[in-house]
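Participant: Take a look at data_2.pdb, PDB, C-alpha atoms:
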```
ATOM      1  CA  MET A 287       7.916   6.726  -4.803  1.00  0.00           C
ATOM      2  CA  LEU A 288       9.186   5.296  -1.535  1.00  0.00           C
ATOM      3  CA  THR A 289       7.942   1.974  -0.148  1.00  0.00           C
ATOM      4  CA  LEU A 290       8.687   0.908   3.420  1.00  0.00           C
ATOM      5  CA  HIS A 291       8.118  -2.641   4.697  1.00  0.00           C
ATOM      6  CA  GLN A 292       7.854  -3.380   8.427  1.00  0.00           C
ATOM      7  CA  THR A 293       7.521  -6.725  10.192  1.00  0.00           C
ATOM      8  CA  ALA A 294       6.679  -6.922  13.874  1.00  0.00           C
ATOM      9  CA  SER A 295       6.130  -9.720  16.364  1.00  0.00           C
ATOM     10  CA  GLN A 296       5.491  -9.879  20.065  1.00  0.00           C
ATOM     11  CA  HIS A 297       7.715 -11.948  22.334  1.00  0.00           C
ATOM     12  CA  GLN A 298       6.499 -15.565  22.639  1.00  0.00           C
ATOM     13  CA  LYS A 299       3.494 -15.051  20.318  1.00  0.00           C
ATOM     14  CA  PRO A 300       3.417 -17.154  17.142  1.00  0.00           C
ATOM     15  CA  THR A 301       2.130 -14.364  14.903  1.00  0.00           C
ATOM     16  CA  ILE A 302       3.967 -11.848  12.760  1.00  0.00           C
ATOM     17  CA  CYS A 303       2.328  -8.595  11.669  1.00  0.00           C
ATOM     18  CA  ASN A 304       3.362  -7.206   8.261  1.00  0.00           C
ATOM     19  CA  MET A 305       2.978  -3.577   7.231  1.00  0.00           C
ATOM     20  CA  GLN A 306       3.770  -1.616   4.104  1.00  0.00           C
ATOM     21  CA  ILE A 307       3.578   2.100   3.496  1.00  0.00           C
ATOM     22  CA  ASN A 308       3.828   3.742   0.077  1.00  0.00           C
ATOM     23  CA  LEU A 309       4.752   7.404  -0.153  1.00  0.00           C
ATOM     24  CA  VAL A 310       4.159   8.781  -3.636  1.00  0.00           C
ATOM     25  CA  ASP A 311       4.831  12.325  -4.757  1.00  0.00           C
ATOM     26  CA  LEU A 312       2.428  13.012  -7.618  1.00  0.00           C
ATOM     27  CA  ALA A 313       3.767  16.509  -8.135  1.00  0.00           C
ATOM     28  CA  GLY A 314       5.374  17.303 -11.425  1.00  0.00           C
ATOM     29  CA  SER A 315       2.366  17.160 -13.668  1.00  0.00           C
ATOM     30  CA  GLU A 316       3.192  19.904 -16.076  1.00  0.00           C
ATOM     31  CA  ARG A 317       1.031  21.729 -18.508  1.00  0.00           C
ATOM     32  CA  THR A 318       3.714  21.809 -21.158  1.00  0.00           C
ATOM     33  CA  LYS A 319       2.106  24.601 -23.146  1.00  0.00           C
ATOM     34  CA  LYS A 320       1.816  26.759 -20.054  1.00  0.00           C
ATOM     35  CA  THR A 321       5.367  26.186 -18.822  1.00  0.00           C
ATOM     36  CA  GLY A 322       7.020  26.164 -22.229  1.00  0.00           C
ATOM     37  CA  VAL A 323       9.408  23.315 -21.394  1.00  0.00           C
ATOM     38  CA  THR A 324      11.499  21.713 -24.132  1.00  0.00           C
ATOM     39  CA  GLY A 325      14.028  18.929 -24.659  1.00  0.00           C
ATOM     40  CA  GLN A 326      14.630  16.379 -21.902  1.00  0.00           C
ATOM     41  CA  THR A 327      12.325  18.219 -19.481  1.00  0.00           C
ATOM     42  CA  LEU A 328       9.480  17.968 -22.024  1.00  0.00           C
ATOM     43  CA  LYS A 329      10.138  14.245 -22.396  1.00  0.00           C
ATOM     44  CA  GLU A 330      10.058  13.731 -18.603  1.00  0.00           C
ATOM     45  CA  ALA A 331       6.891  15.819 -18.259  1.00  0.00           C
ATOM     46  CA  THR A 332       5.228  13.717 -20.967  1.00  0.00           C
ATOM     47  CA  PHE A 333       6.054  10.478 -19.109  1.00  0.00           C
ATOM     48  CA  ILE A 334       4.834  11.941 -15.799  1.00  0.00           C
ATOM     49  CA  ASN A 335       1.583  13.118 -17.358  1.00  0.00           C
ATOM     50  CA  LYS A 336       1.021   9.745 -19.027  1.00  0.00           C
ATOM     51  CA  SER A 337       1.575   7.913 -15.742  1.00  0.00           C
ATOM     52  CA  LEU A 338      -0.756  10.300 -13.896  1.00  0.00           C
ATOM     53  CA  SER A 339      -3.377   9.822 -16.595  1.00  0.00           C
ATOM     54  CA  PHE A 340      -3.256   6.048 -16.069  1.00  0.00           C
ATOM     55  CA  LEU A 341      -3.491   6.574 -12.307  1.00  0.00           C
ATOM     56  CA  GLU A 342      -6.555   8.773 -12.807  1.00  0.00           C
ATOM     57  CA  GLN A 343      -8.195   6.087 -14.980  1.00  0.00           C
ATOM     58  CA  THR A 344      -7.559   3.523 -12.254  1.00  0.00           C
ATOM     59  CA  VAL A 345      -8.930   5.817  -9.529  1.00  0.00           C
ATOM     60  CA  ASN A 346     -12.029   6.553 -11.657  1.00  0.00           C
ATOM     61  CA  ALA A 347     -12.692   2.840 -12.137  1.00  0.00           C
ATOM     62  CA  LEU A 348     -12.273   2.157  -8.407  1.00  0.00           C
ATOM     63  CA  SER A 349     -14.456   5.077  -7.319  1.00  0.00           C
ATOM     64  CA  LYS A 350     -17.215   3.954  -9.714  1.00  0.00           C
ATOM     65  CA  LYS A 351     -16.775   0.323  -8.599  1.00  0.00           C
ATOM     66  CA  ALA A 352     -16.247  -0.748 -12.210  1.00  0.00           C
ATOM     67  CA  SER A 353     -16.002  -4.455 -13.016  1.00  0.00           C
ATOM     68  CA  HIS A 354     -12.554  -3.952 -14.574  1.00  0.00           C
ATOM     69  CA  VAL A 355      -9.850  -1.830 -12.968  1.00  0.00           C
ATOM     70  CA  PRO A 356      -6.841  -1.081 -15.232  1.00  0.00           C
ATOM     71  CA  PHE A 357      -4.004  -1.694 -12.748  1.00  0.00           C
ATOM     72  CA  ARG A 358      -1.602  -3.007 -15.414  1.00  0.00           C
ATOM     73  CA  GLN A 359      -1.522   0.136 -17.523  1.00  0.00           C
ATOM     74  CA  SER A 360       1.578   1.562 -15.867  1.00  0.00           C
ATOM     75  CA  LYS A 361       4.251   0.688 -13.330  1.00  0.00           C
ATOM     76  CA  LEU A 362       2.795   3.234 -10.918  1.00  0.00           C
ATOM     77  CA  THR A 363      -0.718   1.733 -10.895  1.00  0.00           C
ATOM     78  CA  SER A 364       0.698  -1.777 -10.757  1.00  0.00           C
ATOM     79  CA  VAL A 365       2.875  -0.980  -7.735  1.00  0.00           C
ATOM     80  CA  LEU A 366       0.018   0.863  -6.006  1.00  0.00           C
ATOM     81  CA  ARG A 367      -2.501  -1.933  -6.611  1.00  0.00           C
ATOM     82  CA  ASP A 368      -2.742  -2.912  -2.918  1.00  0.00           C
ATOM     83  CA  ALA A 369      -2.785   0.704  -1.784  1.00  0.00           C
ATOM     84  CA  LEU A 370      -5.613   1.631  -4.145  1.00  0.00           C
ATOM     85  CA  GLY A 371      -7.901  -1.355  -4.153  1.00  0.00           C
ATOM     86  CA  GLY A 372      -6.661  -3.830  -1.623  1.00  0.00           C
ATOM     87  CA  ASN A 373      -6.140  -4.497   2.034  1.00  0.00           C
ATOM     88  CA  CYS A 374      -5.086  -1.033   3.135  1.00  0.00           C
ATOM     89  CA  LYS A 375      -5.934   2.387   4.395  1.00  0.00           C
ATOM     90  CA  THR A 376      -5.307   5.032   1.755  1.00  0.00           C
ATOM     91  CA  VAL A 377      -4.705   8.692   2.509  1.00  0.00           C
ATOM     92  CA  MET A 378      -4.137  11.418  -0.057  1.00  0.00           C
ATOM     93  CA  LEU A 379      -2.683  14.789   0.782  1.00  0.00           C
ATOM     94  CA  ALA A 380      -3.457  17.430  -1.818  1.00  0.00           C
ATOM     95  CA  ASN A 381      -1.211  20.460  -2.098  1.00  0.00           C
ATOM     96  CA  ILE A 382      -3.029  23.350  -3.771  1.00  0.00           C
ATOM     97  CA  TRP A 383      -2.320  26.962  -4.674  1.00  0.00           C
ATOM     98  CA  GLY A 384      -4.687  29.778  -3.809  1.00  0.00           C
ATOM     99  CA  GLU A 385      -3.423  32.095  -6.518  1.00  0.00           C
ATOM    100  CA  ALA A 386      -5.565  32.811  -9.569  1.00  0.00           C
ATOM    101  CA  ALA A 387      -2.687  31.874 -11.889  1.00  0.00           C
ATOM    102  CA  HIS A 388      -2.848  28.288 -10.577  1.00  0.00           C
ATOM    103  CA  LEU A 389      -6.637  27.959 -10.444  1.00  0.00           C
ATOM    104  CA  GLU A 390      -6.840  25.326 -13.197  1.00  0.00           C
ATOM    105  CA  GLU A 391      -4.281  23.031 -11.500  1.00  0.00           C
ATOM    106  CA  THR A 392      -5.895  23.563  -8.085  1.00  0.00           C
ATOM    107  CA  VAL A 393      -9.355  22.595  -9.337  1.00  0.00           C
ATOM    108  CA  SER A 394      -7.915  19.565 -11.135  1.00  0.00           C
ATOM    109  CA  THR A 395      -6.101  18.455  -7.964  1.00  0.00           C
ATOM    110  CA  LEU A 396      -9.229  18.868  -5.838  1.00  0.00           C
ATOM    111  CA  ARG A 397     -11.328  16.871  -8.308  1.00  0.00           C
ATOM    112  CA  PHE A 398      -8.772  14.074  -8.291  1.00  0.00           C
ATOM    113  CA  ALA A 399      -8.637  14.105  -4.481  1.00  0.00           C
ATOM    114  CA  SER A 400     -12.428  13.882  -4.279  1.00  0.00           C
ATOM    115  CA  ARG A 401     -12.373  10.800  -6.543  1.00  0.00           C
ATOM    116  CA  VAL A 402      -9.655   9.205  -4.391  1.00  0.00           C
ATOM    117  CA  LYS A 403     -11.851   9.883  -1.371  1.00  0.00           C
ATOM    118  CA  LEU A 404     -14.604   7.737  -2.919  1.00  0.00           C
ATOM    119  CA  ILE A 405     -12.373   4.646  -3.035  1.00  0.00           C
ATOM    120  CA  GLN A 406     -13.420   2.129  -0.403  1.00  0.00           C
ATOM    121  CA  THR A 407     -10.861  -0.372   0.838  1.00  0.00           C
ATOM    122  CA  ASP A 408     -11.063  -3.170   3.388  1.00  0.00           C
ATOM    123  CA  ALA A 409      -8.129  -2.737   5.741  1.00  0.00           C
ATOM    124  CA  GLN A 410      -7.368  -5.745   7.917  1.00  0.00           C
ATOM    125  CA  VAL A 411      -4.408  -6.674  10.082  1.00  0.00           C
ATOM    126  CA  ASN A 412      -1.881  -8.706   8.074  1.00  0.00           C
ATOM    127  CA  GLU A 413      -0.808 -11.507  10.378  1.00  0.00           C
ATOM    128  CA  SER A 414       1.027 -14.714   9.598  1.00  0.00           C
ATOM    129  CA  GLN A 415       2.350 -17.549  11.733  1.00  0.00           C
ATOM    130  CA  ASP A 416       5.969 -17.606  12.874  1.00  0.00           C
ATOM    131  CA  LEU A 417       6.696 -21.274  12.207  1.00  0.00           C
ATOM    132  CA  ALA A 418      10.062 -21.323  13.997  1.00  0.00           C
ATOM    133  CA  LEU A 419       8.487 -19.979  17.181  1.00  0.00           C
ATOM    134  CA  GLN A 420       5.640 -22.507  16.932  1.00  0.00           C
ATOM    135  CA  VAL A 421       8.124 -25.390  16.517  1.00  0.00           C
ATOM    136  CA  GLU A 422      10.022 -24.240  19.609  1.00  0.00           C
ATOM    137  CA  ARG A 423       6.780 -24.003  21.568  1.00  0.00           C
ATOM    138  CA  TYR A 424       5.752 -27.525  20.456  1.00  0.00           C
ATOM    139  CA  LYS A 425       9.188 -28.939  21.379  1.00  0.00           C
ATOM    140  CA  ARG A 426       8.913 -27.377  24.836  1.00  0.00           C
ATOM    141  CA  GLN A 427       5.372 -28.751  25.220  1.00  0.00           C
ATOM    142  CA  ILE A 428       6.474 -32.270  24.151  1.00  0.00           C
ATOM    143  CA  LYS A 429       9.369 -32.152  26.628  1.00  0.00           C
ATOM    144  CA  GLU A 430       6.999 -31.135  29.446  1.00  0.00           C
ATOM    145  CA  LEU A 431       4.516 -33.889  28.531  1.00  0.00           C
ATOM    146  CA  LYS A 432       7.317 -36.486  28.460  1.00  0.00           C
ATOM    147  CA  GLN A 433       8.444 -35.362  31.922  1.00  0.00           C
ATOM    148  CA  GLU A 434       4.870 -35.684  33.211  1.00  0.00           C
ATOM    149  CA  LEU A 435       4.629 -39.221  31.768  1.00  0.00           C
ATOM    150  CA  MET A 436       7.955 -40.181  33.358  1.00  0.00           C
ATOM    151  CA  MET A 437       6.783 -38.833  36.732  1.00  0.00           C
ATOM    152  CA  ARG A 438       3.468 -40.704  36.388  1.00  0.00           C
ATOM    153  CA  ASP A 439       5.238 -43.936  35.459  1.00  0.00           C
ATOM    154  CA  ALA A 440       7.582 -43.514  38.434  1.00  0.00           C
ATOM    155  CA  LEU A 441       4.647 -43.482  40.873  1.00  0.00           C
TER     156      LEU A 441
END
```
In structure tokens, write the structure found in this file.

Facilitator:
Amino acid sequence: MLTLHQTASQHQKPTICNMQINLVDLAGSERTKKTGVTGQTLKEATFINKSLSFLEQTVNALSKKASHVPFRQSKLTSVLRDALGGNCKTVMLANIWGEAAHLEETVSTLRFASRVKLIQTDAQVNESQDLALQVERYKRQIKELKQELMMRDAL
């Protein structure tokens, strides 16, 4: 998983726009019986499968608009909380195989992708105020108003 944070502001505007993008590679789900892995690889595959299972439970709850969504079941679902059910736009790219030997995994991937497609999020622009820029603007405005008062008093 790779998470990128970006902050942007326009010159002389008191707002800051925040953006975050999560790139998650869900590949690695192994059918341990089919691949015949053992040892450390089996242990890793078990953890990956468990994490993906929790992600699927979370996606199912979100797609069915359940009253409880199990985000805290794993680190993956916890980290992806905003991306799955928050203020965001979520895109899933599914990589599938057309060979008959991989039919079971392909169908499983397509089913999961169709459930992800059902998730509805409310993406909005994340803006906050740049307080330092606002203070500078207010100082400049106060200085200009003081100059106007001095000029008025001089007349």

Participant: Just checking: using all atoms listed in the file, which residue out of A:Leu435, A:Glu391, A:Gln410, A:Gln415 ends up closest to Lys320 in chain A?

Facilitator: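 Of the candidates, the smallest distance to Lys320 in chain A is held by A:Glu391.
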
Participant: CA of Ala440 in chain A and CA of Lys425 in chain A, how far apart in Å?

Facilitator: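 It comes out at 22.5 Å.
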
Participant: Find the residues around range 375-382 of chain A up to 12 Å (all atoms listed in the file counted), leave out those fewer than 3 positions away in its own chain, and share them as a PDB file with C-alpha atoms, keeping the file's coordinate frame.

Facilitator:
```pdb
ATOM      1  CA  MET A 305       2.978  -3.577   7.231  1.00  0.00           C
ATOM      2  CA  GLN A 306       3.770  -1.616   4.104  1.00  0.00           C
ATOM      3  CA  ILE A 307       3.578   2.100   3.496  1.00  0.00           C
ATOM      4  CA  ASN A 308       3.828   3.742   0.077  1.00  0.00           C
ATOM      5  CA  LEU A 309       4.752   7.404  -0.153  1.00  0.00           C
ATOM      6  CA  VAL A 310       4.159   8.781  -3.636  1.00  0.00           C
ATOM      7  CA  ASP A 311       4.831  12.325  -4.757  1.00  0.00           C
ATOM      8  CA  LEU A 312       2.428  13.012  -7.618  1.00  0.00           C
ATOM      9  CA  ALA A 313       3.767  16.509  -8.135  1.00  0.00           C
ATOM     10  CA  GLY A 314       5.374  17.303 -11.425  1.00  0.00           C
ATOM     11  CA  VAL A 345      -8.930   5.817  -9.529  1.00  0.00           C
ATOM     12  CA  LEU A 366       0.018   0.863  -6.006  1.00  0.00           C
ATOM     13  CA  ARG A 367      -2.501  -1.933  -6.611  1.00  0.00           C
ATOM     14  CA  ASP A 368      -2.742  -2.912  -2.918  1.00  0.00           C
ATOM     15  CA  ALA A 369      -2.785   0.704  -1.784  1.00  0.00           C
ATOM     16  CA  LEU A 370      -5.613   1.631  -4.145  1.00  0.00           C
ATOM     17  CA  GLY A 371      -7.901  -1.355  -4.153  1.00  0.00           C
ATOM     18  CA  GLY A 372      -6.661  -3.830  -1.623  1.00  0.00           C
ATOM     19  CA  GLU A 385      -3.423  32.095  -6.518  1.00  0.00           C
ATOM     20  CA  ALA A 386      -5.565  32.811  -9.569  1.00  0.00           C
ATOM     21  CA  ALA A 387      -2.687  31.874 -11.889  1.00  0.00           C
ATOM     22  CA  HIS A 388      -2.848  28.288 -10.577  1.00  0.00           C
ATOM     23  CA  LEU A 389      -6.637  27.959 -10.444  1.00  0.00           C
ATOM     24  CA  GLU A 390      -6.840  25.326 -13.197  1.00  0.00           C
ATOM     25  CA  GLU A 391      -4.281  23.031 -11.500  1.00  0.00           C
ATOM     26  CA  THR A 392      -5.895  23.563  -8.085  1.00  0.00           C
ATOM     27  CA  VAL A 393      -9.355  22.595  -9.337  1.00  0.00           C
ATOM     28  CA  SER A 394      -7.915  19.565 -11.135  1.00  0.00           C
ATOM     29  CA  THR A 395      -6.101  18.455  -7.964  1.00  0.00           C
ATOM     30  CA  LEU A 396      -9.229  18.868  -5.838  1.00  0.00           C
ATOM     31  CA  ARG A 397     -11.328  16.871  -8.308  1.00  0.00           C
ATOM     32  CA  PHE A 398      -8.772  14.074  -8.291  1.00  0.00           C
ATOM     33  CA  ALA A 399      -8.637  14.105  -4.481  1.00  0.00           C
ATOM     34  CA  SER A 400     -12.428  13.882  -4.279  1.00  0.00           C
ATOM     35  CA  ARG A 401     -12.373  10.800  -6.543  1.00  0.00           C
ATOM     36  CA  VAL A 402      -9.655   9.205  -4.391  1.00  0.00           C
ATOM     37  CA  LYS A 403     -11.851   9.883  -1.371  1.00  0.00           C
ATOM     38  CA  LEU A 404     -14.604   7.737  -2.919  1.00  0.00           C
ATOM     39  CA  ILE A 405     -12.373   4.646  -3.035  1.00  0.00           C
ATOM     40  CA  GLN A 406     -13.420   2.129  -0.403  1.00  0.00           C
ATOM     41  CA  THR A 407     -10.861  -0.372   0.838  1.00  0.00           C
ATOM     42  CA  ASP A 408     -11.063  -3.170   3.388  1.00  0.00           C
ATOM     43  CA  ALA A 409      -8.129  -2.737   5.741  1.00  0.00           C
ATOM     44  CA  GLN A 410      -7.368  -5.745   7.917  1.00  0.00           C
ATOM     45  CA  VAL A 411      -4.408  -6.674  10.082  1.00  0.00           C
TER      46      VAL A 411
END
```

Participant: Any idea what the distance is between CA of Ser414 in chain A and CA of Ile302 in chain A?

Facilitator: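 Result for CA of Ser414 in chain A versus CA of Ile302 in chain A: 5.2 Å, one decimal.
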
Participant: Expand the PyMOL selection byres ((chain A and resi 303) around 7) into the explicit residue set it covers here, and present it as a count of residues only.

Facilitator: 10

Participant: Using CA of Leu362 in chain A and CA of Thr344 in chain A as the two end points, give the distance in Å to one decimal.

Facilitator: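 Between these atoms lies a distance of 10.4 Å.
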
Participant: If the PyMOL selection byres ((chain A and resi 338) around 10) were run on this exact file, what residues would it hold? Put them as a list in words.

Facilitator: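 After applying the PyMOL selection byres ((chain A and resi 338) around 10), what remains is Leu312, Ala313, Gly314, Ser315, Thr332, Phe333, Ile334, Asn335, Lys336, Ser337, Ser339, Phe340, Leu341, Glu342, Gln343, Thr344, Ser360, Leu362 and Thr363 of chain A.
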
Participant: So which one's closest to Glu330 in chain A, A:Thr318, A:Ser353, A:Cys374, A:Met436? Using all atoms listed in the file, please.

Facilitator: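 Checking each candidate against Glu330 in chain A, we get A:Thr318 as the closest.
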